[in-house]
file data-v2.cif (mmCIF, C-alpha atoms and all ligand atoms)
data_start
#
loop_
_atom_site.label_atom_id
_atom_site.label_comp_id
_atom_site.auth_asym_id
_atom_site.auth_seq_id
_atom_site.Cartn_x
_atom_site.Cartn_y
_atom_site.Cartn_z
CA MET A 1 0.00 0.00 0.00
CA LYS A 2 1.02 3.62 -0.39
CA ALA A 3 1.48 6.27 2.29
CA ALA A 4 2.78 9.84 2.41
CA VAL A 5 5.81 9.75 4.71
CA TYR A 6 7.26 12.88 6.30
CA TYR A 7 11.09 13.02 6.30
CA ASP A 8 11.89 16.72 6.62
CA ILE A 9 10.60 20.21 5.83
CA GLY A 10 9.73 20.13 2.13
CA ASP A 11 10.41 16.38 1.96
CA ILE A 12 7.29 14.22 2.06
CA ARG A 13 7.63 11.01 0.07
CA TYR A 14 4.83 8.92 -1.41
CA GLU A 15 6.16 5.51 -0.50
CA GLU A 16 5.29 1.83 -0.51
CA LEU A 17 4.67 0.52 3.03
CA GLU A 18 3.60 -2.90 4.15
CA LYS A 19 -0.17 -3.11 4.59
CA PRO A 20 -0.82 -3.41 8.36
CA GLU A 21 -1.97 -6.72 9.80
CA ILE A 22 -4.66 -6.57 12.42
CA GLY A 23 -4.92 -8.44 15.70
CA PHE A 24 -7.58 -9.24 18.29
CA GLY A 25 -10.28 -6.56 18.51
CA GLU A 26 -8.65 -4.42 15.83
CA VAL A 27 -10.04 -3.07 12.57
CA LEU A 28 -8.44 -2.31 9.21
CA VAL A 29 -9.84 0.77 7.50
CA LYS A 30 -9.42 1.91 3.90
CA MET A 31 -8.84 5.64 4.11
CA LYS A 32 -11.36 7.67 2.10
CA SER A 33 -10.64 11.14 3.42
CA CYS A 34 -8.14 12.67 5.84
CA GLY A 35 -8.10 16.35 6.77
CA LEU A 36 -4.85 18.29 6.88
CA CYS A 37 -4.78 19.68 10.42
CA GLY A 38 -2.98 22.81 11.59
CA THR A 39 -1.12 20.57 14.04
CA ASP A 40 0.18 18.39 11.17
CA VAL A 41 1.62 21.52 9.56
CA HIS A 42 2.97 22.70 12.94
CA LYS A 43 4.70 19.31 13.44
CA VAL A 44 6.33 19.58 10.01
CA LEU A 45 7.45 23.20 10.31
CA HIS A 46 8.66 22.98 13.91
CA LYS A 47 10.06 19.45 13.57
CA THR A 48 8.36 18.27 16.76
CA VAL A 49 8.07 14.66 15.54
CA LYS A 50 10.86 12.25 14.72
CA PRO A 51 10.88 11.28 11.02
CA PRO A 52 10.16 9.16 9.11
CA VAL A 53 6.54 9.34 10.21
CA VAL A 54 3.07 9.22 8.66
CA LEU A 55 1.00 12.15 9.94
CA GLY A 56 -2.75 12.72 9.64
CA HIS A 57 -5.47 11.95 12.17
CA GLU A 58 -8.72 13.45 10.81
CA VAL A 59 -9.71 10.24 9.11
CA ALA A 60 -12.86 8.82 7.62
CA GLY A 61 -12.94 5.48 5.88
CA GLU A 62 -14.50 2.14 5.17
CA ILE A 63 -13.83 -1.04 7.13
CA VAL A 64 -12.14 -3.74 5.03
CA GLU A 65 -11.18 -6.24 7.77
CA VAL A 66 -12.35 -6.88 11.31
CA GLY A 67 -10.35 -8.75 13.94
CA LYS A 68 -11.60 -11.46 16.32
CA ASP A 69 -14.21 -10.34 18.83
CA VAL A 70 -15.15 -7.13 17.01
CA LYS A 71 -18.92 -7.20 17.37
CA LYS A 72 -20.09 -3.65 16.80
CA PHE A 73 -18.57 -3.21 13.32
CA ASN A 74 -18.59 -5.07 10.02
CA ILE A 75 -16.77 -5.00 6.71
CA GLY A 76 -18.21 -2.20 4.57
CA ASP A 77 -19.14 0.07 7.49
CA ARG A 78 -18.36 3.76 6.94
CA VAL A 79 -16.64 4.95 10.09
CA PHE A 80 -15.04 7.72 12.11
CA PHE A 81 -12.33 6.92 14.68
CA ALA A 82 -9.87 8.93 16.74
CA HIS A 83 -6.12 8.45 16.95
CA HIS A 84 -5.80 8.84 20.74
CA VAL A 85 -7.79 7.17 23.50
CA PRO A 86 -7.51 7.63 27.29
CA CYS A 87 -7.31 4.82 29.88
CA PHE A 88 -10.34 6.12 31.87
CA THR A 89 -8.76 4.99 35.17
CA CYS A 90 -5.64 7.10 35.86
CA GLU A 91 -5.56 10.15 38.12
CA TYR A 92 -6.04 12.54 35.16
CA CYS A 93 -8.89 10.54 33.66
CA ARG A 94 -10.68 10.34 37.01
CA LYS A 95 -10.65 14.15 37.11
CA GLY A 96 -11.92 14.39 33.54
CA HIS A 97 -8.55 15.52 32.10
CA TYR A 98 -8.64 12.76 29.47
CA THR A 99 -6.16 14.39 27.12
CA LEU A 100 -3.49 14.56 29.86
CA CYS A 101 -3.60 10.79 30.34
CA SER A 102 -0.32 9.10 29.37
CA HIS A 103 -2.22 6.29 27.60
CA PHE A 104 -3.94 8.99 25.53
CA ARG A 105 -0.60 10.39 24.38
CA GLU A 106 0.91 6.95 23.65
CA THR A 107 -1.96 5.45 21.66
CA ASN A 108 -2.17 5.98 17.92
CA ILE A 109 -3.53 4.55 14.72
CA TYR A 110 -1.01 2.86 12.40
CA PRO A 111 0.75 4.10 10.34
CA GLY A 112 -1.22 7.40 10.36
CA GLY A 113 -4.06 9.04 8.50
CA PHE A 114 -2.11 9.86 5.33
CA SER A 115 -2.05 6.22 4.28
CA GLU A 116 -4.18 3.98 2.05
CA TYR A 117 -4.93 1.54 4.87
CA ILE A 118 -4.96 2.16 8.62
CA ARG A 119 -4.93 -0.25 11.55
CA VAL A 120 -7.19 0.92 14.36
CA PRO A 121 -6.12 -0.55 17.74
CA ILE A 122 -8.60 -2.27 20.06
CA ASP A 123 -9.06 0.64 22.52
CA ASN A 124 -9.62 3.14 19.70
CA VAL A 125 -12.22 0.79 18.18
CA LYS A 126 -13.98 0.32 21.53
CA HIS A 127 -14.08 3.93 22.68
CA THR A 128 -13.81 6.20 19.62
CA MET A 129 -15.12 4.39 16.55
CA HIS A 130 -18.54 5.46 15.27
CA LYS A 131 -20.53 4.43 12.21
CA ILE A 132 -21.35 7.60 10.33
CA PRO A 133 -24.90 8.51 9.32
CA GLU A 134 -25.84 7.88 5.69
CA ASN A 135 -26.34 11.59 5.03
CA MET A 136 -22.76 12.36 6.05
CA SER A 137 -19.97 12.28 3.47
CA PHE A 138 -16.43 11.08 4.15
CA GLN A 139 -15.10 14.62 3.79
CA GLU A 140 -17.64 15.93 6.33
CA THR A 141 -16.52 13.11 8.62
CA SER A 142 -12.95 14.39 8.40
CA MET A 143 -14.21 17.50 10.22
CA VAL A 144 -15.47 15.50 13.23
CA GLU A 145 -12.10 15.41 15.01
CA PRO A 146 -11.35 19.15 14.64
CA LEU A 147 -14.91 20.02 15.72
CA ALA A 148 -14.60 17.64 18.70
CA CYS A 149 -11.38 19.46 19.73
CA CYS A 150 -13.28 22.77 19.61
CA LEU A 151 -16.09 21.25 21.73
CA TYR A 152 -13.53 20.03 24.28
CA GLY A 153 -12.16 23.59 24.48
CA VAL A 154 -15.60 25.21 24.63
CA ASN A 155 -16.55 22.96 27.55
CA LYS A 156 -13.80 24.60 29.62
CA LEU A 157 -15.45 28.00 29.12
CA ASN A 158 -18.61 29.54 30.42
CA VAL A 159 -20.23 31.25 27.46
CA ARG A 160 -23.58 32.87 28.19
CA TYR A 161 -26.37 34.12 25.91
CA GLY A 162 -25.57 37.64 24.85
CA ASP A 163 -21.80 37.37 25.42
CA SER A 164 -19.25 38.93 23.12
CA VAL A 165 -16.55 36.63 21.79
CA LEU A 166 -13.31 37.40 19.98
CA ILE A 167 -11.83 34.62 17.86
CA MET A 168 -8.21 35.31 16.98
CA GLY A 169 -7.45 33.57 13.70
CA ALA A 170 -9.91 32.80 10.89
CA GLY A 171 -8.39 29.46 9.91
CA GLN A 172 -10.28 26.17 9.96
CA VAL A 173 -10.47 26.14 13.75
CA GLY A 174 -11.42 29.83 14.01
CA ILE A 175 -14.31 29.27 11.59
CA LEU A 176 -15.54 26.25 13.57
CA PHE A 177 -15.40 28.29 16.80
CA CYS A 178 -17.24 31.12 15.05
CA GLN A 179 -20.12 28.79 14.17
CA LEU A 180 -20.14 27.17 17.63
CA MET A 181 -20.24 30.53 19.42
CA LYS A 182 -23.20 31.72 17.32
CA PHE A 183 -24.89 28.37 18.00
CA LEU A 184 -24.33 28.83 21.76
CA GLY A 185 -26.03 32.22 21.69
CA ALA A 186 -23.12 34.67 21.76
CA SER A 187 -24.57 37.98 20.59
CA LYS A 188 -21.41 39.42 19.11
CA VAL A 189 -18.79 37.23 17.51
CA ILE A 190 -15.74 39.09 16.25
CA VAL A 191 -13.07 37.33 14.19
CA SER A 192 -9.60 38.78 13.62
CA ASP A 193 -7.01 37.77 11.03
CA ILE A 194 -4.60 39.27 8.49
CA SER A 195 -6.15 37.49 5.51
CA THR A 196 -9.00 39.19 3.66
CA TYR A 197 -9.98 35.83 2.20
CA LYS A 198 -10.20 34.11 5.59
CA LEU A 199 -12.14 37.04 7.05
CA SER A 200 -14.63 36.72 4.19
CA LYS A 201 -15.04 33.05 5.17
CA ALA A 202 -15.62 34.16 8.78
CA LYS A 203 -18.41 36.49 7.60
CA GLU A 204 -19.89 33.62 5.60
CA ALA A 205 -19.79 31.52 8.80
CA GLY A 206 -21.85 34.10 10.67
CA SER A 207 -19.38 36.41 12.42
CA ASP A 208 -20.94 39.77 13.38
CA GLU A 209 -17.76 41.75 12.89
CA VAL A 210 -14.30 41.12 11.52
CA ILE A 211 -11.06 42.95 12.27
CA ASP A 212 -8.34 42.92 9.64
CA VAL A 213 -5.30 43.24 11.87
CA SER A 214 -3.07 44.09 8.90
CA GLN A 215 -5.08 47.33 8.61
CA GLU A 216 -6.45 48.02 12.05
CA ASP A 217 -5.19 47.82 15.63
CA LEU A 218 -6.89 44.88 17.34
CA ILE A 219 -7.09 46.36 20.84
CA GLU A 220 -8.47 49.67 19.54
CA GLY A 221 -10.93 47.80 17.32
CA ILE A 222 -12.26 45.77 20.27
CA LYS A 223 -12.52 48.89 22.41
CA LYS A 224 -14.60 50.55 19.72
CA ILE A 225 -16.92 47.57 19.14
CA THR A 226 -17.49 46.87 22.86
CA LYS A 227 -17.73 50.58 23.77
CA GLY A 228 -14.68 50.35 26.02
CA LYS A 229 -15.93 47.39 28.06
CA GLY A 230 -13.78 44.71 26.47
CA ILE A 231 -14.64 41.25 25.21
CA ASP A 232 -16.21 38.54 27.45
CA THR A 233 -14.36 35.63 25.86
CA ALA A 234 -11.27 35.49 23.65
CA ILE A 235 -10.23 32.32 21.81
CA ILE A 236 -6.71 32.06 20.42
CA ALA A 237 -7.06 29.96 17.29
CA THR A 238 -3.73 30.57 15.63
CA SER A 239 -0.19 29.66 16.68
CA ILE A 240 1.08 33.16 17.52
CA SER A 241 2.04 33.37 21.19
CA SER A 242 2.04 37.19 21.33
CA LEU A 243 -1.73 36.99 20.88
CA LEU A 244 -1.93 35.91 24.52
CA LYS A 245 -0.67 39.35 25.53
CA ASP A 246 -3.16 41.02 23.16
CA SER A 247 -6.03 38.88 24.42
CA VAL A 248 -5.33 39.91 28.03
CA LYS A 249 -5.60 43.53 26.85
CA CYS A 250 -8.87 42.84 25.01
CA ILE A 251 -10.92 41.01 27.62
CA ALA A 252 -13.45 42.62 29.92
CA ARG A 253 -13.34 42.36 33.71
CA GLY A 254 -14.28 38.77 34.59
CA GLY A 255 -13.38 37.74 31.05
CA GLN A 256 -11.92 34.43 29.95
CA ILE A 257 -9.31 33.35 27.42
CA LEU A 258 -9.00 29.97 25.73
CA VAL A 259 -5.54 29.13 24.38
CA PHE A 260 -6.42 26.58 21.73
CA SER A 261 -3.56 26.62 19.22
CA PRO A 262 -0.08 25.26 19.94
CA PHE A 263 2.64 27.85 20.49
CA ASP A 264 6.32 27.51 19.72
CA ILE A 265 7.88 25.41 22.52
CA ASN A 266 10.42 28.11 23.34
CA SER A 267 7.98 31.01 23.51
CA THR A 268 7.45 33.02 26.68
CA VAL A 269 5.00 35.89 26.84
CA ALA A 270 4.79 38.77 29.30
CA ILE A 271 1.22 39.58 30.27
CA ASN A 272 -0.38 42.15 32.55
CA SER A 273 -0.60 39.91 35.62
CA LYS A 274 -2.45 42.34 37.85
CA ARG A 275 -5.60 41.64 35.91
CA PHE A 276 -6.00 38.19 37.54
CA PHE A 277 -6.60 39.67 40.99
CA ASN A 278 -8.09 43.04 40.12
CA ASP A 279 -10.29 41.93 37.25
CA GLU A 280 -10.71 38.19 37.92
CA ILE A 281 -9.73 37.16 34.44
CA SER A 282 -9.15 33.46 33.61
CA ILE A 283 -6.96 31.70 31.07
CA PHE A 284 -7.64 28.10 30.00
CA GLY A 285 -5.50 25.77 27.92
CA SER A 286 -6.96 23.06 25.72
CA TYR A 287 -5.41 20.13 23.88
CA SER A 288 -7.15 17.62 21.62
CA SER A 289 -10.54 16.04 22.39
CA SER A 290 -12.08 13.30 24.53
CA PRO A 291 -14.11 10.24 23.47
CA PHE A 292 -17.20 12.02 24.79
CA ASP A 293 -16.98 14.77 22.14
CA TYR A 294 -17.14 12.64 18.96
CA ASP A 295 -20.79 11.61 18.97
CA ILE A 296 -21.79 15.24 19.63
CA ALA A 297 -19.57 16.47 16.78
CA ILE A 298 -21.06 13.84 14.43
CA LYS A 299 -24.58 14.94 15.43
CA LEU A 300 -23.83 18.65 14.90
CA ILE A 301 -22.42 17.98 11.43
CA SER A 302 -25.02 15.44 10.28
CA GLU A 303 -27.87 17.68 11.45
CA LYS A 304 -26.22 20.57 9.53
CA ARG A 305 -26.04 22.73 12.65
CA ILE A 306 -22.39 23.26 11.90
CA ASP A 307 -21.67 23.70 8.19
CA VAL A 308 -18.30 22.20 7.35
CA ASN A 309 -18.73 21.97 3.57
CA LYS A 310 -18.25 25.69 2.98
CA MET A 311 -14.94 25.38 4.80
CA ILE A 312 -13.44 22.78 2.46
CA THR A 313 -11.47 24.66 -0.17
CA HIS A 314 -9.22 21.94 -1.62
CA LYS A 315 -9.27 18.20 -2.20
CA ILE A 316 -5.79 16.89 -2.90
CA LYS A 317 -4.56 13.36 -3.66
CA LEU A 318 -2.43 11.47 -1.14
CA ASN A 319 0.58 11.50 -3.49
CA GLU A 320 0.52 15.31 -3.41
CA LEU A 321 0.57 15.88 0.36
CA GLN A 322 3.63 18.13 0.03
CA LYS A 323 1.64 20.33 -2.37
CA ALA A 324 -1.18 20.53 0.20
CA ILE A 325 1.25 21.74 2.88
CA ASP A 326 2.76 24.26 0.45
CA ILE A 327 -0.72 25.63 -0.32
CA THR A 328 -1.73 25.97 3.32
CA THR A 329 1.54 27.70 4.32
CA ASP A 330 1.46 30.12 1.39
CA THR A 331 -0.50 33.18 2.53
CA LYS A 332 -1.03 34.23 -1.11
CA GLN A 333 -3.05 31.08 -1.79
CA ASN A 334 -6.58 31.20 -0.49
CA SER A 335 -7.17 28.02 1.45
CA LEU A 336 -9.06 26.97 4.53
CA LYS A 337 -9.59 23.22 4.94
CA ILE A 338 -7.66 20.84 2.74
CA ILE A 339 -8.89 17.28 2.46
CA ILE A 340 -6.50 14.53 1.39
CA GLU A 341 -8.00 11.69 -0.61
CA PRO A 342 -6.40 8.38 -1.68
ZN ZN A 401 -6.68 17.82 13.99
ZN ZN A 402 -5.92 7.91 31.95
#
call {"tool": "encode", "arguments": {"input": "data-v2.cif", "output": "structure tokens"}}
result
Amino acid sequence: MKAAVYYDIGDIRYEELEKPEIGFGEVLVKMKSCGLCGTDVHKVLHKTVKPPVVLGHEVAGEIVEVGKDVKKFNIGDRVFFAHHVPCFTCEYCRKGHYTLCSHFRETNIYPGGFSEYIRVPIDNVKHTMHKIPENMSFQETSMVEPLACCLYGVNKLNVRYGDSVLIMGAGQVGILFCQLMKFLGASKVIVSDISTYKLSKAKEAGSDEVIDVSQEDLIEGIKKITKGKGIDTAIIATSISSLLKDSVKCIARGGQILVFSPFDINSTVAINSKRFFNDEISIFGSYSSSPFDYDIAIKLISEKRIDVNKMITHKIKLNELQKAIDITTDTKQNSLKIIIEP
């Protein structure tokens, strides 16, 4: 079988790998669609994974083999599954911090999403695999994992009807958050970015205001829109650590910040720390998603409450993964979600 293997920046090879064999309780899936995630691009650009490695985790596919004792699934089933799964029993899991569980971080599908065939381990089958509704396409299913990650982050926040929300970054995640915040009843959703194209996608997704930070000062813009009060909730949906400092300046008293995107491992940011005591602000971090978010994400997409189709701008073949990364990192090319197909 073929897979797209990452070796180095600018060096992804379409190679022949041995088709995985499955064991007890495992499932072999033929990949039909795999989303290119911001974290895949981050891993490539910041070299945070040891090559050679097959990336990709936003997978949808069709079951071609089932191992012994797999009862819930059959050959031919169209499925979603996640790459990580928690143990449900460790100290972190017992407190509901599923994504901090060491089992969660160690588990993975094999060899990765950017491959023709994928072995799904027993725990991932048991706790994360879902048959997808007939009305849901494979490419829509590739948006389940990113949406689930947003839901996991949103669950850390307290967003009330009528709140104002600033989403920093109008990429794929920013657009999902934009739709979720409108769905949750936020009265003013503001999206900031430097790309006119991405801001137009944010408007299409229902944002009330956009701020083009290449033209306008963000903090001044927020002051103007909120009449000096500041924003209730800020979500950092792009990997620029200095936005943390800006978000602290933008939020209202009692406001909250969600740091959703990964920052450079060496980055430190100075923030106005007196605001924690004086203004009772809160900052939350969020990483990945839990098994309890997938069925909700599937429901939101299949019931068309969250529109993911308008977000998909490119479909690219597996043998051109490098091209997909080049497109998404080139600010002159208008792209939002890129789907990789076999
Ligand atoms: Zn992802
Ligand atoms: Zn655990």
call {"tool": "closest_atom_pairs", "arguments": {"input": "data-v2.cif", "of": "chain A", "to": "ligand ZN 401 (chain A)", "cutoff": "8 Å", "atoms": "all atoms listed in the file", "output": "JSON lines"}}
result
{"residue": "A:Gly35", "atom": "CA", "partner": "A:ZN401", "partner_atom": "ZN", "distance": 7.5}
{"residue": "A:Leu36", "atom": "CA", "partner": "A:ZN401", "partner_atom": "ZN", "distance": 7.4}
{"residue": "A:Cys37", "atom": "CA", "partner": "A:ZN401", "partner_atom": "ZN", "distance": 4.5}
{"residue": "A:Gly38", "atom": "CA", "partner": "A:ZN401", "partner_atom": "ZN", "distance": 6.7}
{"residue": "A:Thr39", "atom": "CA", "partner": "A:ZN401", "partner_atom": "ZN", "distance": 6.2}
{"residue": "A:Asp40", "atom": "CA", "partner": "A:ZN401", "partner_atom": "ZN", "distance": 7.4}
{"residue": "A:Gly56", "atom": "CA", "partner": "A:ZN401", "partner_atom": "ZN", "distance": 7.8}
{"residue": "A:His57", "atom": "CA", "partner": "A:ZN401", "partner_atom": "ZN", "distance": 6.3}
{"residue": "A:Glu58", "atom": "CA", "partner": "A:ZN401", "partner_atom": "ZN", "distance": 5.8}
{"residue": "A:Glu145", "atom": "CA", "partner": "A:ZN401", "partner_atom": "ZN", "distance": 6.0}
{"residue": "A:Pro146", "atom": "CA", "partner": "A:ZN401", "partner_atom": "ZN", "distance": 4.9}
{"residue": "A:Cys149", "atom": "CA", "partner": "A:ZN401", "partner_atom": "ZN", "distance": 7.6}
{"residue": "A:Ser288", "atom": "CA", "partner": "A:ZN401", "partner_atom": "ZN", "distance": 7.6}
call {"tool": "residues_near_ligand", "arguments": {"input": "data-v2.cif", "ligand": "ligand ZN 402 (chain A)", "cutoff": "10 Å", "atoms": "all atoms listed in the file", "output": "tab-separated table (two decimals) with C-alpha atoms, keeping the file's coordinate frame"}}
result
chain	number	residue	atom	x	y	z
A	85	VAL	CA	-7.79	7.17	23.50
A	86	PRO	CA	-7.51	7.63	27.29
A	87	CYS	CA	-7.31	4.82	29.88
A	88	PHE	CA	-10.34	6.12	31.87
A	89	THR	CA	-8.76	4.99	35.17
A	90	CYS	CA	-5.64	7.10	35.86
A	91	GLU	CA	-5.56	10.15	38.12
A	92	TYR	CA	-6.04	12.54	35.16
A	93	CYS	CA	-8.89	10.54	33.66
A	94	ARG	CA	-10.68	10.34	37.01
A	95	LYS	CA	-10.65	14.15	37.11
A	96	GLY	CA	-11.92	14.39	33.54
A	97	HIS	CA	-8.55	15.52	32.10
A	98	TYR	CA	-8.64	12.76	29.47
A	99	THR	CA	-6.16	14.39	27.12
A	100	LEU	CA	-3.49	14.56	29.86
A	101	CYS	CA	-3.60	10.79	30.34
A	102	SER	CA	-0.32	9.10	29.37
A	103	HIS	CA	-2.22	6.29	27.60
A	104	PHE	CA	-3.94	8.99	25.53
A	105	ARG	CA	-0.60	10.39	24.38
call {"tool": "closest_residue", "arguments": {"input": "data-v2.cif", "among": "A:Ile63, A:Ile338, A:Leu176, A:Pro291", "to": "His83 (chain A)", "atoms": "only C-alpha atoms"}}
result
A:Pro291
call {"tool": "residues_around", "arguments": {"input": "data-v2.cif", "residues": "Ala186 (chain A)", "least_positions_apart": "2", "cutoff": "6 Å", "atoms": "all atoms listed in the file", "output": "list in words"}}
result
Tyr161, Gly162, Asp163, Ser164, Met181, Lys182, Leu184 and Lys188 of chain A
call {"tool": "residues_around", "arguments": {"input": "data-v2.cif", "residues": "region 201-214 of chain A", "least_positions_apart": "3", "cutoff": "6 Å", "atoms": "all atoms listed in the file", "output": "JSON, numbers by chain"}}
result
{"A": [175, 188, 189, 190, 191, 192, 193, 194, 198, 217, 218]}
call {"tool": "atom_distance", "arguments": {"input": "data-v2.cif", "atom1": "CA of Gly23 (chain A)", "atom2": "CA of Met129 (chain A)"}}
result
16.4 Å
call {"tool": "atom_distance", "arguments": {"input": "data-v2.cif", "atom1": "CA of Gln333 (chain A)", "atom2": "CA of Ile306 (chain A)"}}
result
25.0 Å
call {"tool": "atom_distance", "arguments": {"input": "data-v2.cif", "atom1": "CA of Ala170 (chain A)", "atom2": "CA of Thr196 (chain A)"}}
result
9.7 Å
call {"tool": "closest_residue", "arguments": {"input": "data-v2.cif", "among": "A:Thr107, A:Asn319, A:Val144, A:Leu180", "to": "Glu16 (chain A)", "atoms": "only C-alpha atoms"}}
result
A:Asn319
call {"tool": "residues_around", "arguments": {"input": "data-v2.cif", "residues": "Ser241 (chain A)", "least_positions_apart": "6", "cutoff": "7 Å", "atoms": "only C-alpha atoms", "output": "JSON, numbers by chain"}}
result
{"A": [263, 267, 269]}
call {"tool": "closest_residue", "arguments": {"input": "data-v2.cif", "among": "A:Asn155, A:Thr226, A:Asn309, A:Ser335", "to": "Ser142 (chain A)", "atoms": "all atoms listed in the file"}}
result
A:Asn309
call {"tool": "closest_residue", "arguments": {"input": "data-v2.cif", "among": "A:Phe183, A:Phe81, A:Phe114, A:Phe292", "to": "Ile12 (chain A)", "atoms": "all atoms listed in the file"}}
result
A:Phe114
call {"tool": "closest_residue", "arguments": {"input": "data-v2.cif", "among": "A:Val5, A:Ile340, A:Leu243, A:Met143", "to": "Val44 (chain A)", "atoms": "only C-alpha atoms"}}
result
A:Val5
call {"tool": "residues_near_point", "arguments": {"input": "data-v2.cif", "point": "(-20.3, 7.9, 7.6)", "cutoff": "8 Å", "atoms": "all atoms listed in the file", "output": "MDAnalysis selection string"}}
result
chainID A and resid 60:61 77:80 131:138 141
call {"tool": "closest_residue", "arguments": {"input": "data-v2.cif", "among": "A:Cys178, A:Leu45, A:Ile9, A:Val125", "to": "Asp307 (chain A)", "atoms": "all atoms listed in the file"}}
result
A:Cys178
call {"tool": "residues_around", "arguments": {"input": "data-v2.cif", "residues": "Tyr7 (chain A)", "least_positions_apart": "2", "cutoff": "10 Å", "atoms": "all atoms listed in the file", "output": "count of residues only"}}
result
15
call {"tool": "build_atoms", "arguments": {"input": "data-v2.cif", "residues": "region 188-199 of chain A", "atoms": "N, CA and C atoms", "output": "PDB file, in the frame of the given file"}}
result
ATOM      1  N   LYS A 188     -22.362  38.760  20.011  1.00  0.00           N
ATOM      2  CA  LYS A 188     -21.410  39.420  19.110  1.00  0.00           C
ATOM      3  C   LYS A 188     -20.168  38.560  18.969  1.00  0.00           C
ATOM      4  N   VAL A 189     -19.984  38.018  17.777  1.00  0.00           N
ATOM      5  CA  VAL A 189     -18.790  37.230  17.510  1.00  0.00           C
ATOM      6  C   VAL A 189     -17.899  38.027  16.557  1.00  0.00           C
ATOM      7  N   ILE A 190     -16.693  38.297  17.037  1.00  0.00           N
ATOM      8  CA  ILE A 190     -15.740  39.090  16.250  1.00  0.00           C
ATOM      9  C   ILE A 190     -14.571  38.180  15.889  1.00  0.00           C
ATOM     10  N   VAL A 191     -14.185  38.180  14.617  1.00  0.00           N
ATOM     11  CA  VAL A 191     -13.070  37.330  14.190  1.00  0.00           C
ATOM     12  C   VAL A 191     -11.959  38.235  13.661  1.00  0.00           C
ATOM     13  N   SER A 192     -10.725  37.981  14.108  1.00  0.00           N
ATOM     14  CA  SER A 192      -9.600  38.780  13.620  1.00  0.00           C
ATOM     15  C   SER A 192      -8.610  37.900  12.857  1.00  0.00           C
ATOM     16  N   ASP A 193      -8.016  38.487  11.835  1.00  0.00           N
ATOM     17  CA  ASP A 193      -7.010  37.770  11.030  1.00  0.00           C
ATOM     18  C   ASP A 193      -6.308  38.807  10.148  1.00  0.00           C
ATOM     19  N   ILE A 194      -5.251  38.359   9.435  1.00  0.00           N
ATOM     20  CA  ILE A 194      -4.600  39.270   8.490  1.00  0.00           C
ATOM     21  C   ILE A 194      -5.029  38.965   7.050  1.00  0.00           C
ATOM     22  N   SER A 195      -5.790  37.882   6.865  1.00  0.00           N
ATOM     23  CA  SER A 195      -6.150  37.490   5.510  1.00  0.00           C
ATOM     24  C   SER A 195      -7.573  37.932   5.161  1.00  0.00           C
ATOM     25  N   THR A 196      -7.679  38.728   4.108  1.00  0.00           N
ATOM     26  CA  THR A 196      -9.000  39.190   3.660  1.00  0.00           C
ATOM     27  C   THR A 196      -9.868  38.004   3.275  1.00  0.00           C
ATOM     28  N   TYR A 197      -9.237  37.018   2.628  1.00  0.00           N
ATOM     29  CA  TYR A 197      -9.980  35.830   2.200  1.00  0.00           C
ATOM     30  C   TYR A 197     -10.575  35.106   3.406  1.00  0.00           C
ATOM     31  N   LYS A 198      -9.726  34.855   4.423  1.00  0.00           N
ATOM     32  CA  LYS A 198     -10.200  34.110   5.590  1.00  0.00           C
ATOM     33  C   LYS A 198     -11.272  34.903   6.348  1.00  0.00           C
ATOM     34  N   LEU A 199     -11.119  36.224   6.376  1.00  0.00           N
ATOM     35  CA  LEU A 199     -12.140  37.040   7.050  1.00  0.00           C
ATOM     36  C   LEU A 199     -13.461  36.983   6.292  1.00  0.00           C
TER      37      LEU A 199
END
